[in-house]
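Trainee: Dropping the structure in here first, questions after.
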Amino acid sequence: MPDPIRDTRYDVIIAGARCAGASTALLLARAGLRVLLVDPAARASDTLSTHALMRGAVLQLHRWGVLDEIRSAGTPEIRSTTFHYGDEVIAIPIKERDGLDALYAPRRTVLDAALVDAASDAGAEVAHGRAVSGLLTDDRGRVIGARMSGSDRETVTIRADLVIGADGINSRVARLLNAPVTHSAPHATASIYGYWKNLGLEGNHWYYAIGSAVGSIPTNGGETCVFASIPPARFEARRRDGLEDLYSEVLREVSEDLARRVAGSGGPGKLRAFAGVPGFLRRGAGPGWALVGDAGYFRDPLTAHGISDALREAEFLARSVIDGREEALHAYDEARYERVRGFFEVTDRIASFDWDMDEVKEHHMVLAKEMNALIDMQRGFGAPTANHLASATASVPGGV
Ligand SMILES: Cc1cc2nc3c(=O)[nH]c(=O)nc-3n(C[C@H](O)[C@H](O)[C@H](O)COP(=O)(O)OP(=O)(O)OC[C@H]3O[C@@H](n4cnc5c(N)ncnc54)[C@H](O)[C@@H]3O)c2cc1C
């Protein structure tokens with residue numbers, strides 16, 4: 001049975017209760033807005049994604065008071081990132097900065113559940129087993145609510161001043177809105193990943209070879225996530241022969257050492273595969289609606305930044321909604337591309353696999369610079385002030 005929905009009207013409906021939607025719900029509920037967060041998937045379910053978090057995301061989780069929950073779920077500290085460019089090895093310790101000296105890579109079963117629980121504790125109403133299936137608009141085309149279908153096949157209609165699509169890469173909300181793609185990236189990578197025990201590696205490891213890349217990310221339950229990335233054409237040509245053969249082949253060609261560790265860790269775990277989708281940025285807001293997370297902006301997973309982007313943009317969006325003025329929401333949309341342009345472009349260059357070792361190293365230097373710039377943009381964030389709260393309760397219901 002789907003979770004019940006207590007009311008027929010909210011300030012904000014959010015479709016999608018994972019890193020983007022649950023973070024937005026948490027911030028809006030803490031600012032006093034009445035939020036309904038819906039998702040057809042079950043709480044604490046897994047999704048198709050590896051889960052390395054960058055410093056910006058860890059800082060936000062820390063500031064929001066969610067990091068302790070993630071730590072107490074046994075998520076290991078990651079104290080170094082090691083880059084392997086062919087035979088060249090560059091180990092980078094995670095520096096102590098802003099009160100943090102470790103990264104984390106919680107399973108999505110842990111991260112998404114912690115964010116949903118924090119949103120619920122803040123007063124957001126959470127309904128799993130429900131999907132947004134339609135939008136209500138007024139006679140000027142402004143979104144004024146949503147229709148939701150439940151796992152019991154019942155449809156309910158809920159009014160809201162703002163409907164946020166945080167429903168992922170294939171966003172139903174974006175399709176219902178016909179939200180146009182404003183920027184697209186030409187390249188994509190395919191990846192295959194699985195979980196392994198006792199690999200004996202410390203920290204994150206990213207390995208590069210001409211035409212492929214692999215990586216290892218320590219996570220919950222004493223397991224390490226190991227991924228292999230290749231161009232989609234190679235994936236398509238080989239997937240029918242079986243994922244295991246292709247996965248082992250790519251591991252061997254990029255890192256004999258990692259391939260040996262995986263082979264020695266006891267039989268193939270269940271592998272999951274992503275065929276690749278080129279990056280895009282969609283228009284992110286309009287009258288009565290907004291998009292956040294992959295629904296509005298997708299960059300290739302090879303730079304492992306989607307969750308960090310989702311958390312950062314959730315905070316930018318929440319601040320615009322709390323501001324309450326129509327222009328603030330417009331500004332959120334306008335500023336998004338400027339914020340992410342550099343990262344989006346260098347991610348696409350890395351996803352092209354059209355580089356040699358010196359070039360990919362240079363791309364990583366650019367990436368590090370872009371990442372620091374994105375963290376700097378977050379420095380102004382803090383808990384919403386009393387003014388924000390007053391303005392939110394006064395003007396969001398009629399004004400966003
Ligand atoms: C193979 C792969 C590896 C990746 N590795 C990393 C990594 O290491 N680090 C990183 O930061 N990022 C990584 N990413 C990217 C990351 O997974 C995404 O950027 C992130 O999940 C986006 O979060 P989101 O909340 O926007 O959407 P999602 O996590 O996709 O969640 C969307 C939610 O919306 C729900 N939904 C769908 N339709 C509806 C509807 N109609 N109504 C209501 N709800 C709906 C879905 O059930 C889902 O729960 C990876 C992605 C892939 C594919």
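By order in the structure tokens, chains are A, B, ...; within a chain, residues start at 1; ligands start at 1, following the order shown.
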Based on the backbone DSSP call, show me all residues of region 229-387 of chain A assigned strand (DSSP E or B), as a short mmCIF file (atom, residue, chain, number, x, y, z; two decimals) with N, CA, C and O atoms, in the first residue's frame.

Mentor:
```cif
data_model
loop_
_atom_site.label_atom_id
_atom_site.label_comp_id
_atom_site.auth_asym_id
_atom_site.auth_seq_id
_atom_site.Cartn_x
_atom_site.Cartn_y
_atom_site.Cartn_z
N SER A 229 34.66 1.78 -16.66
CA SER A 229 33.97 2.68 -17.60
C SER A 229 34.61 2.60 -18.98
O SER A 229 35.84 2.61 -19.11
N ILE A 230 33.77 2.57 -19.98
CA ILE A 230 34.22 2.46 -21.37
C ILE A 230 33.27 3.26 -22.27
O ILE A 230 32.18 3.61 -21.85
N ARG A 272 26.13 -4.45 -11.96
CA ARG A 272 25.08 -3.57 -12.49
C ARG A 272 25.70 -2.73 -13.60
O ARG A 272 26.89 -2.42 -13.55
N ALA A 273 24.89 -2.36 -14.57
CA ALA A 273 25.46 -1.65 -15.73
C ALA A 273 24.61 -0.45 -16.11
O ALA A 273 23.38 -0.46 -15.97
N PHE A 274 25.30 0.57 -16.59
CA PHE A 274 24.67 1.80 -17.09
C PHE A 274 25.21 2.00 -18.50
O PHE A 274 26.43 2.06 -18.71
N PHE A 280 23.22 16.86 -20.06
CA PHE A 280 22.28 17.91 -20.51
C PHE A 280 21.97 18.84 -19.35
O PHE A 280 22.10 18.48 -18.19
N LEU A 281 21.55 20.05 -19.72
CA LEU A 281 20.98 20.98 -18.76
C LEU A 281 19.62 21.39 -19.31
O LEU A 281 19.52 21.77 -20.48
N ARG A 282 18.59 21.24 -18.49
CA ARG A 282 17.24 21.65 -18.91
C ARG A 282 16.90 22.97 -18.26
O ARG A 282 17.44 23.32 -17.20
N ALA A 285 13.30 26.21 -14.13
CA ALA A 285 12.20 26.78 -13.34
C ALA A 285 11.25 27.54 -14.25
O ALA A 285 11.63 28.00 -15.33
N GLY A 286 10.02 27.66 -13.80
CA GLY A 286 8.98 28.41 -14.52
C GLY A 286 7.85 28.71 -13.55
O GLY A 286 7.98 28.44 -12.34
N TRP A 289 6.80 25.95 -10.93
CA TRP A 289 7.56 24.69 -10.99
C TRP A 289 9.07 24.94 -10.98
O TRP A 289 9.54 26.03 -11.31
N ALA A 290 9.80 23.90 -10.60
CA ALA A 290 11.27 23.94 -10.65
C ALA A 290 11.77 22.50 -10.80
O ALA A 290 11.05 21.54 -10.47
N LEU A 291 12.98 22.37 -11.31
CA LEU A 291 13.65 21.06 -11.41
C LEU A 291 14.94 21.12 -10.61
O LEU A 291 15.60 22.16 -10.58
N TYR A 297 19.73 18.65 -14.54
CA TYR A 297 21.14 18.76 -14.94
C TYR A 297 21.81 17.40 -14.76
O TYR A 297 21.88 16.88 -13.65
N PHE A 298 22.31 16.85 -15.87
CA PHE A 298 22.99 15.56 -15.81
C PHE A 298 24.36 15.69 -16.44
O PHE A 298 24.50 16.24 -17.54
#
```

Trainee: Excluding Val254 (chain A) and its own-chain neighbours fewer than 3 positions away, which residues fall within 8 Å of it when counting only C-alpha atoms? Please give them as a PyMOL selection string.

Mentor: chain A and resi 86+207-209+212-214+250-251

Trainee: Just to confirm, what's the straight-line distance from CA of Asp39 (chain A) to CA of His128 (chain A) in Å (one decimal)?

Mentor: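 So the two atoms, CA of Asp39 (chain A) and CA of His128 (chain A), lie 4.9 Å apart.
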
Trainee: Find the residues near Leu103 (chain A): any atom within 12 Å, counting only C-alpha atoms, skip ones fewer than 4 places away on the same chain, and give them as a ChimeraX atom specification.

Mentor: /A:51-62,67,70-71,75-81,93-97,99,203-204,217-219,308

Trainee: Store the residues of this selection in a file with N, CA, C and O atoms, as a compact mmCIF listing (two decimals), in the first residue's frame.

Mentor:
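Now in out_13.txt:
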```txt
# COMPACT_ATOMS: atom_id res chain seq x y z
N HIS A 51 28.66 5.98 -5.63
CA HIS A 51 28.22 6.94 -4.61
C HIS A 51 29.37 7.68 -3.93
O HIS A 51 29.29 7.97 -2.72
N ALA A 52 30.43 7.97 -4.69
CA ALA A 52 31.52 8.76 -4.11
C ALA A 52 31.01 10.19 -3.89
O ALA A 52 30.43 10.79 -4.79
N LEU A 53 31.20 10.70 -2.68
CA LEU A 53 30.82 12.09 -2.40
C LEU A 53 32.07 12.96 -2.42
O LEU A 53 33.11 12.57 -1.90
N MET A 54 31.93 14.13 -3.01
CA MET A 54 33.03 15.09 -3.00
C MET A 54 32.92 15.98 -1.75
O MET A 54 31.90 15.98 -1.07
N ARG A 55 33.96 16.75 -1.51
CA ARG A 55 34.04 17.53 -0.27
C ARG A 55 32.82 18.43 -0.06
O ARG A 55 32.31 18.56 1.04
N GLY A 56 32.35 19.07 -1.14
CA GLY A 56 31.22 19.99 -1.02
C GLY A 56 30.01 19.30 -0.41
O GLY A 56 29.32 19.85 0.46
N ALA A 57 29.73 18.09 -0.88
CA ALA A 57 28.56 17.35 -0.39
C ALA A 57 28.75 16.95 1.07
O ALA A 57 27.82 17.03 1.89
N VAL A 58 29.97 16.53 1.42
CA VAL A 58 30.22 16.10 2.80
C VAL A 58 30.05 17.31 3.74
O VAL A 58 29.46 17.20 4.82
N LEU A 59 30.53 18.47 3.28
CA LEU A 59 30.37 19.69 4.09
C LEU A 59 28.89 20.01 4.31
O LEU A 59 28.48 20.38 5.40
N GLN A 60 28.10 19.88 3.24
CA GLN A 60 26.66 20.17 3.40
C GLN A 60 26.01 19.19 4.38
O GLN A 60 25.25 19.60 5.25
N LEU A 61 26.33 17.89 4.22
CA LEU A 61 25.72 16.90 5.12
C LEU A 61 26.10 17.20 6.57
O LEU A 61 25.28 17.05 7.49
N HIS A 62 27.34 17.64 6.76
CA HIS A 62 27.84 17.99 8.09
C HIS A 62 27.04 19.18 8.63
O HIS A 62 26.52 19.15 9.75
N LEU A 67 25.42 14.10 8.67
CA LEU A 67 26.64 13.29 8.52
C LEU A 67 26.78 12.26 9.65
O LEU A 67 27.25 11.15 9.42
N ILE A 70 25.13 9.12 8.85
CA ILE A 70 25.84 8.37 7.82
C ILE A 70 27.07 7.68 8.43
O ILE A 70 27.35 6.52 8.14
N ARG A 71 27.73 8.40 9.31
CA ARG A 71 28.88 7.77 10.01
C ARG A 71 28.41 6.61 10.87
O ARG A 71 29.03 5.56 10.91
N THR A 75 29.65 3.91 7.66
CA THR A 75 30.26 4.36 6.40
C THR A 75 31.73 4.69 6.67
O THR A 75 32.01 5.54 7.53
N PRO A 76 32.66 4.04 5.98
CA PRO A 76 34.07 4.28 6.33
C PRO A 76 34.57 5.65 5.91
O PRO A 76 34.09 6.21 4.92
N GLU A 77 35.52 6.17 6.68
CA GLU A 77 36.18 7.42 6.30
C GLU A 77 37.11 7.16 5.13
O GLU A 77 37.80 6.14 5.10
N ILE A 78 37.16 8.09 4.21
CA ILE A 78 38.08 7.99 3.07
C ILE A 78 39.10 9.11 3.24
O ILE A 78 38.74 10.28 3.20
N ARG A 79 40.37 8.73 3.48
CA ARG A 79 41.36 9.75 3.84
C ARG A 79 42.34 10.07 2.72
O ARG A 79 43.26 10.85 2.89
N SER A 80 42.15 9.42 1.57
CA SER A 80 43.03 9.76 0.44
C SER A 80 42.35 9.39 -0.88
O SER A 80 41.47 8.52 -0.91
N THR A 81 42.77 10.09 -1.91
CA THR A 81 42.35 9.73 -3.28
C THR A 81 43.63 9.50 -4.06
O THR A 81 44.52 10.36 -4.07
N PRO A 93 46.35 13.09 -0.06
CA PRO A 93 45.62 12.96 1.21
C PRO A 93 44.47 13.97 1.28
O PRO A 93 44.57 15.05 0.69
N ILE A 94 43.39 13.62 1.95
CA ILE A 94 42.28 14.57 2.12
C ILE A 94 42.69 15.54 3.22
O ILE A 94 42.87 15.15 4.37
N LYS A 95 42.86 16.80 2.83
CA LYS A 95 43.34 17.82 3.79
C LYS A 95 42.26 18.18 4.78
O LYS A 95 41.09 18.20 4.45
N GLU A 96 42.70 18.52 6.00
CA GLU A 96 41.75 19.04 6.99
C GLU A 96 41.36 20.46 6.58
O GLU A 96 42.22 21.32 6.43
N ARG A 97 40.08 20.64 6.28
CA ARG A 97 39.58 21.98 5.89
C ARG A 97 38.13 22.09 6.31
O ARG A 97 37.39 21.11 6.22
N GLY A 99 36.82 21.95 9.03
CA GLY A 99 36.44 21.00 10.08
C GLY A 99 36.26 19.57 9.61
O GLY A 99 35.80 18.72 10.37
N GLY A 203 41.34 4.12 0.83
CA GLY A 203 40.84 5.33 0.16
C GLY A 203 40.29 5.04 -1.23
O GLY A 203 40.15 3.89 -1.66
N ASN A 204 39.96 6.14 -1.92
CA ASN A 204 39.48 6.03 -3.31
C ASN A 204 40.68 5.83 -4.24
O ASN A 204 41.72 6.44 -4.04
N ILE A 217 35.98 2.36 -4.61
CA ILE A 217 35.40 3.30 -3.64
C ILE A 217 34.96 2.50 -2.41
O ILE A 217 34.02 1.69 -2.50
N PRO A 218 35.60 2.71 -1.25
CA PRO A 218 35.19 1.95 -0.05
C PRO A 218 33.84 2.42 0.46
O PRO A 218 33.56 3.61 0.51
N THR A 219 33.00 1.46 0.86
CA THR A 219 31.65 1.85 1.31
C THR A 219 31.20 0.98 2.49
O THR A 219 32.02 0.32 3.14
N SER A 308 26.87 15.24 -5.43
CA SER A 308 27.37 16.52 -4.90
C SER A 308 26.65 17.68 -5.59
O SER A 308 26.27 18.66 -4.94
```

Trainee: Residues at most 6 Å from ligand 1, using only C-alpha atoms and all ligand atoms? Could they come as a VMD selection string?

Mentor: chain A and resid 15 to 21 38 to 41 48 to 53 131 to 133 166 to 169 171 to 172 191 274 293 to 295 301 304 to 308 310

Trainee: Any chance you can output those residues with C-alpha atoms as a PDB file, in the first residue's frame?

Mentor:
```pdb
ATOM      1  CA  ALA A  15       8.567  14.415  -6.849  1.00  0.00           C
ATOM      2  CA  GLY A  16      11.544  12.172  -6.058  1.00  0.00           C
ATOM      3  CA  ALA A  17      12.820  11.364  -2.558  1.00  0.00           C
ATOM      4  CA  ARG A  18      16.528  10.782  -3.059  1.00  0.00           C
ATOM      5  CA  CYS A  19      19.516  13.084  -2.779  1.00  0.00           C
ATOM      6  CA  ALA A  20      18.044  16.058  -4.679  1.00  0.00           C
ATOM      7  CA  GLY A  21      14.411  15.831  -3.553  1.00  0.00           C
ATOM      8  CA  VAL A  38       6.618  11.572  -2.910  1.00  0.00           C
ATOM      9  CA  ASP A  39       8.451   8.700  -4.567  1.00  0.00           C
ATOM     10  CA  PRO A  40       7.232   5.416  -6.063  1.00  0.00           C
ATOM     11  CA  ALA A  41      10.353   3.674  -4.707  1.00  0.00           C
ATOM     12  CA  LEU A  48      21.632   2.574 -10.237  1.00  0.00           C
ATOM     13  CA  SER A  49      24.586   4.637  -9.051  1.00  0.00           C
ATOM     14  CA  THR A  50      27.983   4.444  -7.448  1.00  0.00           C
ATOM     15  CA  HIS A  51      28.222   6.941  -4.607  1.00  0.00           C
ATOM     16  CA  ALA A  52      31.519   8.760  -4.111  1.00  0.00           C
ATOM     17  CA  LEU A  53      30.820  12.086  -2.403  1.00  0.00           C
ATOM     18  CA  ALA A 131       4.433   8.924  -8.309  1.00  0.00           C
ATOM     19  CA  VAL A 132       3.539  12.270  -9.822  1.00  0.00           C
ATOM     20  CA  SER A 133       1.587  11.339 -12.959  1.00  0.00           C
ATOM     21  CA  ALA A 166      13.555  15.859  -8.409  1.00  0.00           C
ATOM     22  CA  ASP A 167      12.643  12.685 -10.231  1.00  0.00           C
ATOM     23  CA  GLY A 168      15.929  11.854 -11.881  1.00  0.00           C
ATOM     24  CA  ILE A 169      17.387  11.577 -15.344  1.00  0.00           C
ATOM     25  CA  SER A 171      12.101  13.067 -15.125  1.00  0.00           C
ATOM     26  CA  ARG A 172       8.355  12.671 -15.645  1.00  0.00           C
ATOM     27  CA  SER A 191      29.908   1.676 -16.728  1.00  0.00           C
ATOM     28  CA  PHE A 274      24.675   1.801 -17.089  1.00  0.00           C
ATOM     29  CA  GLY A 293      19.126  17.110  -9.374  1.00  0.00           C
ATOM     30  CA  ASP A 294      19.435  14.923 -12.473  1.00  0.00           C
ATOM     31  CA  ALA A 295      15.959  16.031 -13.594  1.00  0.00           C
ATOM     32  CA  PRO A 301      29.072   9.833 -14.003  1.00  0.00           C
ATOM     33  CA  ALA A 304      31.417  11.150  -9.805  1.00  0.00           C
ATOM     34  CA  HIS A 305      29.758  14.457  -9.079  1.00  0.00           C
ATOM     35  CA  GLY A 306      25.991  13.970  -9.552  1.00  0.00           C
ATOM     36  CA  ILE A 307      25.157  13.582  -5.865  1.00  0.00           C
ATOM     37  CA  SER A 308      27.369  16.519  -4.899  1.00  0.00           C
ATOM     38  CA  ALA A 310      22.242  17.496  -6.418  1.00  0.00           C
TER      39      ALA A 310
END
```

Trainee: Could you state the separation of CA of Asp300 (chain A) and CA of Ala275 (chain A) in Å, given to one decimal place?

Mentor: 11.2 Å

Trainee: Of the candidates A:Pro2, A:Gly222, A:Gly134, A:Gly242, which shows the shortest atom-to-atom distance to Gly150 (chain A), using only C-alpha atoms?

Mentor: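 Nearest candidate to Gly150 (chain A) out of A:Pro2, A:Gly222, A:Gly134, A:Gly242: A:Pro2.
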
Trainee: Pick the closest to Val321 (chain A) from A:Ala124, A:Leu162, A:Ile13, A:Ile92: which is it, counting only C-alpha atoms?

Mentor: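 Between A:Ala124, A:Leu162, A:Ile13, A:Ile92, the residue approaching Val321 (chain A) most closely is A:Leu162.
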
Trainee: By how many Å are CA of Gly324 (chain A) and CA of Ala29 (chain A) apart?

Mentor: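 Computed distance, CA of Gly324 (chain A) to CA of Ala29 (chain A), equals 14.2 Å.
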
Trainee: Out of A:Thr8, A:Ser216, A:Ser120, A:Ser248, which residue has the shortest atom-to-atom distance to Ile158 (chain A) when counting only C-alpha atoms?

Mentor: A:Thr8

Trainee: What residues in region 42-255 of chain A get the DSSP label alpha helix (DSSP H)? Please answer as a ChimeraX atom specification.

Mentor: /A:55-64,67-72,108-121,172-177,232-238,243-254

Trainee: Between A:Arg30, A:Arg299, A:Arg234, A:His364, which one has atoms that come closest to Ile322 (chain A), using only C-alpha atoms?

Mentor: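 For Ile322 (chain A), the nearest of the candidates is A:Arg30.
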
Trainee: For Ala122 (chain A), list every protein, DNA or RNA residue within 9 Å, evaluated using only C-alpha atoms, and leave out those in the same chain fewer than 3 positions away; present the list as a list of chain:residue names.

Mentor: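 Listing them by chain and then by number gives A:Ala25, A:Leu26, A:Leu27, A:Leu28, A:Ala29, A:Arg30, A:Ala31, A:Gly32, A:Asp117, A:Ala118, A:Ala119.
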
Trainee: Excluding region 256-262 of chain A and residues on its chain fewer than 3 positions from it, collect all residues at most 10 Å away from it, counting only C-alpha atoms, and give them as a list of chain:residue names.

Mentor: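 Residues near the query, excluding close chain neighbours: A:Gly194, A:Tyr195, A:Trp196, A:Lys197, A:Asn198, A:Leu199, A:Gly200, A:Leu201, A:His205, A:Tyr207, A:Val214, A:Gly215, A:Ser216, A:Thr224, A:Val226, A:Tyr247, A:Ser248, A:Glu249, A:Val250, A:Leu251, A:Arg252, A:Glu253, A:Ser265, A:Gly266, A:Gly267, A:Pro268, A:Gly269.
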